[in-house]
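The data block below is target-v1.cif; it holds mmCIF, C-alpha atoms.
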data_model
#
loop_
_atom_site.label_atom_id
_atom_site.label_comp_id
_atom_site.auth_asym_id
_atom_site.auth_seq_id
_atom_site.Cartn_x
_atom_site.Cartn_y
_atom_site.Cartn_z
CA ASN A 311 58.99 65.61 27.88
CA ASP A 312 59.22 67.31 24.49
CA LYS A 313 59.66 64.08 22.54
CA TYR A 314 56.84 61.97 23.95
CA GLY A 315 54.64 64.31 25.99
CA THR A 316 54.04 64.55 29.73
CA ASP A 317 51.07 62.19 29.72
CA ALA A 318 53.05 59.48 27.93
CA VAL A 319 55.90 59.66 30.46
CA ARG A 320 53.46 59.73 33.36
CA PHE A 321 51.53 56.72 32.07
CA GLY A 322 54.76 54.84 31.37
CA LEU A 323 55.90 55.39 34.95
CA LEU A 324 52.56 54.18 36.29
CA VAL A 325 52.52 51.03 34.18
CA ALA A 326 56.03 50.16 35.34
CA ALA A 327 55.40 50.95 39.02
CA ALA A 328 54.61 47.50 40.41
CA PRO A 329 54.97 47.49 44.22
CA GLY A 330 58.18 45.96 45.56
CA ASN A 331 60.10 46.31 42.31
CA ASP A 332 62.34 48.95 40.82
CA ILE A 333 60.62 50.91 38.05
CA ALA A 334 61.74 49.32 34.77
CA LEU A 335 61.42 52.53 32.81
CA SER A 336 62.50 52.42 29.19
CA GLU A 337 61.89 54.31 25.98
CA GLU A 338 59.65 51.44 24.89
CA VAL A 339 57.40 51.91 27.93
CA ILE A 340 57.08 55.65 27.27
CA LEU A 341 56.41 54.99 23.58
CA ARG A 342 53.57 52.72 24.65
CA GLY A 343 52.11 55.64 26.58
CA ARG A 344 52.33 57.89 23.53
CA LYS A 345 50.63 55.29 21.32
CA PHE A 346 47.89 55.02 23.92
CA ALA A 347 47.39 58.79 23.92
CA ASN A 348 47.22 58.79 20.10
CA LYS A 349 44.68 55.95 20.18
CA ILE A 350 42.45 57.89 22.58
CA TRP A 351 42.78 61.08 20.52
CA ASN A 352 41.87 59.38 17.24
CA ALA A 353 38.96 57.46 18.78
CA SER A 354 37.64 60.68 20.29
CA GLY A 355 37.87 62.37 16.91
CA LEU A 356 35.73 59.63 15.38
CA LEU A 357 33.18 59.96 18.17
CA PHE A 358 33.02 63.76 17.89
CA SER A 359 32.22 63.42 14.18
CA LYS A 360 28.92 61.76 15.15
CA LEU A 361 25.86 63.62 16.38
CA PRO A 362 25.04 62.99 20.05
CA ASN A 363 21.44 62.16 20.84
CA GLU A 364 19.40 60.86 23.75
CA PRO A 365 21.48 58.21 25.56
CA LYS A 366 19.71 54.86 25.16
CA ARG A 367 21.47 51.69 26.24
CA GLU A 368 19.50 49.24 24.10
CA SER A 369 21.84 47.74 21.49
CA LEU A 370 24.21 44.87 22.25
CA ALA A 371 27.19 47.17 21.71
CA ASP A 372 25.93 49.79 24.16
CA ARG A 373 24.90 47.27 26.81
CA TRP A 374 28.26 45.52 26.52
CA ILE A 375 30.42 48.64 26.70
CA GLY A 376 28.43 49.89 29.66
CA SER A 377 29.09 46.63 31.48
CA ARG A 378 32.80 46.62 30.56
CA LEU A 379 33.17 50.26 31.61
CA ASN A 380 31.58 49.36 34.93
CA THR A 381 34.17 46.62 35.40
CA ALA A 382 37.00 49.05 34.60
CA ILE A 383 35.57 51.58 37.08
CA ASP A 384 35.44 48.90 39.78
CA ARG A 385 39.01 47.75 39.05
CA ALA A 386 40.40 51.30 38.98
CA ASN A 387 38.76 52.34 42.25
CA LYS A 388 39.91 49.23 44.08
CA SER A 389 43.44 49.64 42.67
CA PHE A 390 43.67 53.27 43.76
CA GLU A 391 42.41 52.37 47.24
CA ALA A 392 45.16 49.73 47.50
CA HIS A 393 47.79 52.12 46.02
CA ARG A 394 48.34 49.71 43.13
CA TYR A 395 48.57 52.37 40.48
CA HIS A 396 49.93 50.07 37.78
CA GLU A 397 46.76 47.98 38.08
CA ALA A 398 44.59 51.09 37.76
CA ALA A 399 46.53 52.01 34.61
CA ASP A 400 46.06 48.49 33.23
CA ALA A 401 42.30 48.61 33.89
CA VAL A 402 41.88 51.87 31.97
CA TRP A 403 44.26 50.73 29.19
CA THR A 404 42.33 47.50 28.67
CA PHE A 405 39.01 49.31 28.53
CA PHE A 406 40.03 52.14 26.22
CA TRP A 407 42.29 50.24 23.83
CA ASP A 408 40.92 46.70 23.65
CA GLU A 409 37.23 47.27 24.31
CA PHE A 410 36.18 50.83 23.48
CA CYS A 411 38.45 51.42 20.46
CA ASP A 412 39.05 48.00 18.94
CA TRP A 413 35.57 46.51 19.37
CA TYR A 414 32.94 49.03 20.42
CA LEU A 415 33.66 51.78 17.89
CA GLU A 416 33.90 49.20 15.12
CA LEU A 417 30.47 47.90 16.09
CA LYS A 418 29.03 51.41 16.25
CA LYS A 419 30.22 52.60 12.84
CA SER A 420 27.02 51.52 11.10
CA ASP A 421 24.74 52.83 13.88
CA THR A 422 22.92 56.16 14.03
CA ASP A 423 22.40 56.23 17.79
CA TRP A 424 25.56 57.60 19.43
CA GLY A 425 24.06 58.97 22.64
CA PHE A 426 25.34 56.28 24.99
CA ALA A 427 28.72 56.27 23.22
CA TYR A 428 29.18 59.88 24.31
CA GLU A 429 28.12 59.04 27.85
CA ALA A 430 30.54 56.09 28.06
CA HIS A 431 33.34 58.20 26.56
CA GLU A 432 32.87 60.94 29.17
CA LYS A 433 32.98 58.45 32.03
CA ALA A 434 36.09 56.87 30.52
CA LEU A 435 37.80 60.28 30.33
CA LEU A 436 36.98 60.86 33.99
CA LEU A 437 38.38 57.42 34.81
CA LEU A 438 41.60 58.17 32.94
CA HIS A 439 42.06 61.74 34.17
CA PRO A 440 44.28 61.07 37.24
CA LEU A 441 46.61 59.03 35.01
CA MET A 442 46.71 61.27 31.92
CA PRO A 443 45.49 64.71 33.01
CA PHE A 444 46.43 66.80 29.99
CA ILE A 445 44.83 64.89 27.11
CA THR A 446 41.68 64.23 29.15
CA GLU A 447 41.36 67.93 30.03
CA GLU A 448 41.73 68.91 26.38
CA LEU A 449 39.18 66.33 25.17
CA TRP A 450 36.79 67.32 27.97
CA HIS A 451 36.71 70.89 26.70
CA ARG A 452 36.46 69.79 23.06
CA ARG A 453 33.33 67.93 24.13
CA GLY A 454 31.91 71.32 25.10
CA HIS A 455 32.42 71.49 28.85
CA GLU A 456 33.46 74.87 30.26
CA THR A 457 34.64 73.75 33.71
CA SER A 458 37.69 71.57 34.36
CA ILE A 459 37.37 67.80 34.30
CA ALA A 460 39.28 67.81 37.59
CA LEU A 461 36.19 69.25 39.31
CA GLU A 462 34.00 66.29 38.34
CA ARG A 463 33.26 63.36 40.64
CA TYR A 464 35.31 60.25 39.92
CA PRO A 465 33.20 57.42 38.42
CA GLN A 466 31.82 54.80 40.80
CA TYR A 467 30.58 51.26 40.23
CA ASP A 468 26.92 51.13 39.13
CA PRO A 469 25.14 47.76 39.57
CA ALA A 470 22.56 48.79 36.96
CA LEU A 471 25.23 48.69 34.24
CA HIS A 472 26.31 45.11 35.00
CA ASP A 473 25.01 43.00 32.09
CA PRO A 474 26.21 39.36 32.04
CA GLU A 475 23.90 38.49 29.14
CA ALA A 476 25.40 41.19 26.90
CA GLU A 477 28.90 40.07 27.89
CA ARG A 478 28.13 36.44 26.98
CA GLU A 479 26.64 37.43 23.62
CA MET A 480 29.55 39.74 22.87
CA LYS A 481 32.06 37.04 23.82
CA LEU A 482 30.45 34.79 21.19
CA LEU A 483 30.69 37.57 18.59
CA GLN A 484 34.34 38.20 19.42
CA ASP A 485 35.24 34.51 19.25
CA VAL A 486 33.55 34.01 15.88
CA VAL A 487 34.99 37.19 14.34
CA THR A 488 38.48 36.36 15.63
CA GLN A 489 38.26 32.86 14.17
CA ILE A 490 37.15 34.18 10.77
CA ARG A 491 39.92 36.78 10.74
CA GLY A 492 42.41 34.08 11.69
CA LEU A 493 41.27 31.88 8.79
CA ARG A 494 41.67 34.83 6.42
CA ALA A 495 45.22 35.39 7.62
CA ASP A 496 46.12 31.69 7.46
CA HIS A 497 44.88 31.39 3.87
CA LYS A 498 46.07 34.86 2.82
CA ILE A 499 42.55 35.99 1.85
CA ASP A 500 42.14 39.75 1.46
CA LYS A 501 39.95 41.20 4.22
CA LYS A 502 37.95 43.04 1.53
CA THR A 503 36.88 39.73 -0.02
CA LYS A 504 33.40 38.80 1.21
CA LEU A 505 33.19 35.22 2.46
CA THR A 506 30.17 32.98 2.93
CA GLY A 507 29.59 30.48 5.70
CA THR A 508 27.19 28.73 8.05
CA LEU A 509 26.95 29.58 11.74
CA ALA A 510 25.67 26.89 14.09
CA VAL A 511 25.41 27.97 17.74
CA GLU A 512 23.21 27.36 20.74
CA GLY A 513 21.07 30.34 21.69
CA VAL A 514 21.00 33.79 20.12
CA ALA A 515 23.93 34.98 18.02
CA PRO A 516 24.48 38.59 16.84
CA VAL A 517 24.65 37.49 13.19
CA GLU A 518 24.32 40.96 11.64
CA LYS A 519 27.24 42.36 13.65
CA ILE A 520 29.38 39.28 12.97
CA GLU A 521 28.78 39.77 9.25
CA GLN A 522 29.66 43.46 9.57
CA LEU A 523 32.94 42.97 11.44
CA ALA A 524 34.14 39.87 9.59
CA ASN A 525 32.86 40.80 6.08
CA VAL A 526 31.05 37.50 5.72
CA ALA A 527 27.56 36.38 4.68
CA LEU A 528 26.22 33.78 7.14
CA SER A 529 23.35 31.36 6.83
#
Show the structure stored in the file as structure tokens.
Amino acid sequence: NDKYGTDAVRFGLLVAAAPGNDIALSEEVILRGRKFANKIWNASGLLFSKLPNEPKRESLADRWIGSRLNTAIDRANKSFEAHRYHEAADAVWTFFWDEFCDWYLELKKSDTDWGFAYEAHEKALLLLHPLMPFITEELWHRRGHETSIALERYPQYDPALHDPEAEREMKLLQDVVTQIRGLRADHKIDKKTKLTGTLAVEGVAPVEKIEQLANVALS
């Protein structure tokens, strides 16, 4: 499709292909696929501007994204096995858009260690490849690979990446940041205005990252 691109049309068809129903294909669905492709392209550009180094999964952000990627891999494989392609598309969409782009890359912006980010990104491209083959092939080669991404083994669930503790800590961070952003919006406070506040929680809270994402000084 000259207007939206083959990957966008393909992804739109997959998202709309729930078993037992007619495909509710519309321009809006295809546009969603194009926006998704643009999101992946821009996120990859940000990643490629950082220097890759030895992959170390030590920070909260890296441990969390590894665990979430593992969940997406598990969902995608099970969906493909059951021929529920719309669910596979939803698993990869949720990971790339909501988790990798909207949270993980924001957390990583102040970091210097991008090794595991590259590793997670490559696995995510492999996960997405059957659904959007053209953009993933292009990004695979821009990463420096000479052979086709289609020749690589499809990602499989890895128990070592499952990290409930990181997911709990990240859930706390997300809840607090979302609440602060909501208060800003409700009171029409510019997001560039630094706020102050007190955080009272049980257990360990990722205060530094909360301050970074919400532009707030906590005590």
Rounded to one decimal place, report the CA of Trp413 (chain A)-CA of Arg463 (chain A) distance in Å.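 Between CA of Trp413 (chain A) and CA of Arg463 (chain A) the gap works out to 27.2 Å.
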The PyMOL selection byres ((chain A and resi 446) around 12) - which residues does that actually catch in the file I just gave you? List them as a ChimeraX atom specification. /A:317,347-348,350-351,354,431-445,447-453,455,458-460
In Å and to one decimal, CA of Thr422 (chain A) is distant from CA of Thr503 (chain A) by 25.7 Å
For each of A:Arg320, A:Arg494, A:Lys313, A:His396, take the minimum atom-to-atom distance to Gly343 (chain A), counting only C-alpha atoms, then give the residue where this is smallest.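 Under the stated criterion, the closest residue is A:Arg320.
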How would you write, as a PyMOL selection string, the residues chosen by the PyMOL selection byres ((chain A and resi 383) around 9) on this structure? chain A and resi 378-382+384-388+401-402+433-434+437+465-468
Residue among A:Trp403, A:Phe390, A:Tyr414, A:Phe346 lying closest to Gly376 (chain A), counting only C-alpha atoms: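 Of the candidates, the smallest distance to Gly376 (chain A) is held by A:Tyr414.
For the file at hand, the PyMOL selection byres ((chain A and resi 477-483) around 7) resolves to Trp374, Asp473, Pro474, Glu475, Ala476, Gln484, Asp485, Val486, Val487, Ala515, Pro516 and Ile520 of chain A.
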State, in Å with one decimal place, the distance from CA of Thr488 (chain A) to CA of Asp500 (chain A).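 CA of Asp500 (chain A) lies 15.0 Å from CA of Thr488 (chain A).
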Give me the residues within 10 Å of Ser420 (chain A) as a list of chain:residue names, counting all atoms listed in the file and dropping any in the same chain fewer than 4 places off.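 So, after excluding close chain neighbours, the residues are A:Leu415, A:Glu416, A:Lys519, A:Gln522.
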Fewer than 3 positions away in the same chain doesn't count, so skip those; otherwise give me all residues within 10 Å of region 323-329 of chain A, counting all atoms listed in the file, as a PyMOL selection string. chain A and resi 317-320+332-336+339-340+342-343+393-400+403+441
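Distances to Gly507 (chain A) were evaluated for A:Leu417, A:Ala527, A:Glu521, A:Ile490 using all atoms listed in the file, and the minimum falls at A:Ala527.
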In terms of only C-alpha atoms, the residue from A:Gly425, A:Asn352, A:Glu368, A:Lys360 at minimal distance from Phe406 (chain A) is A:Asn352
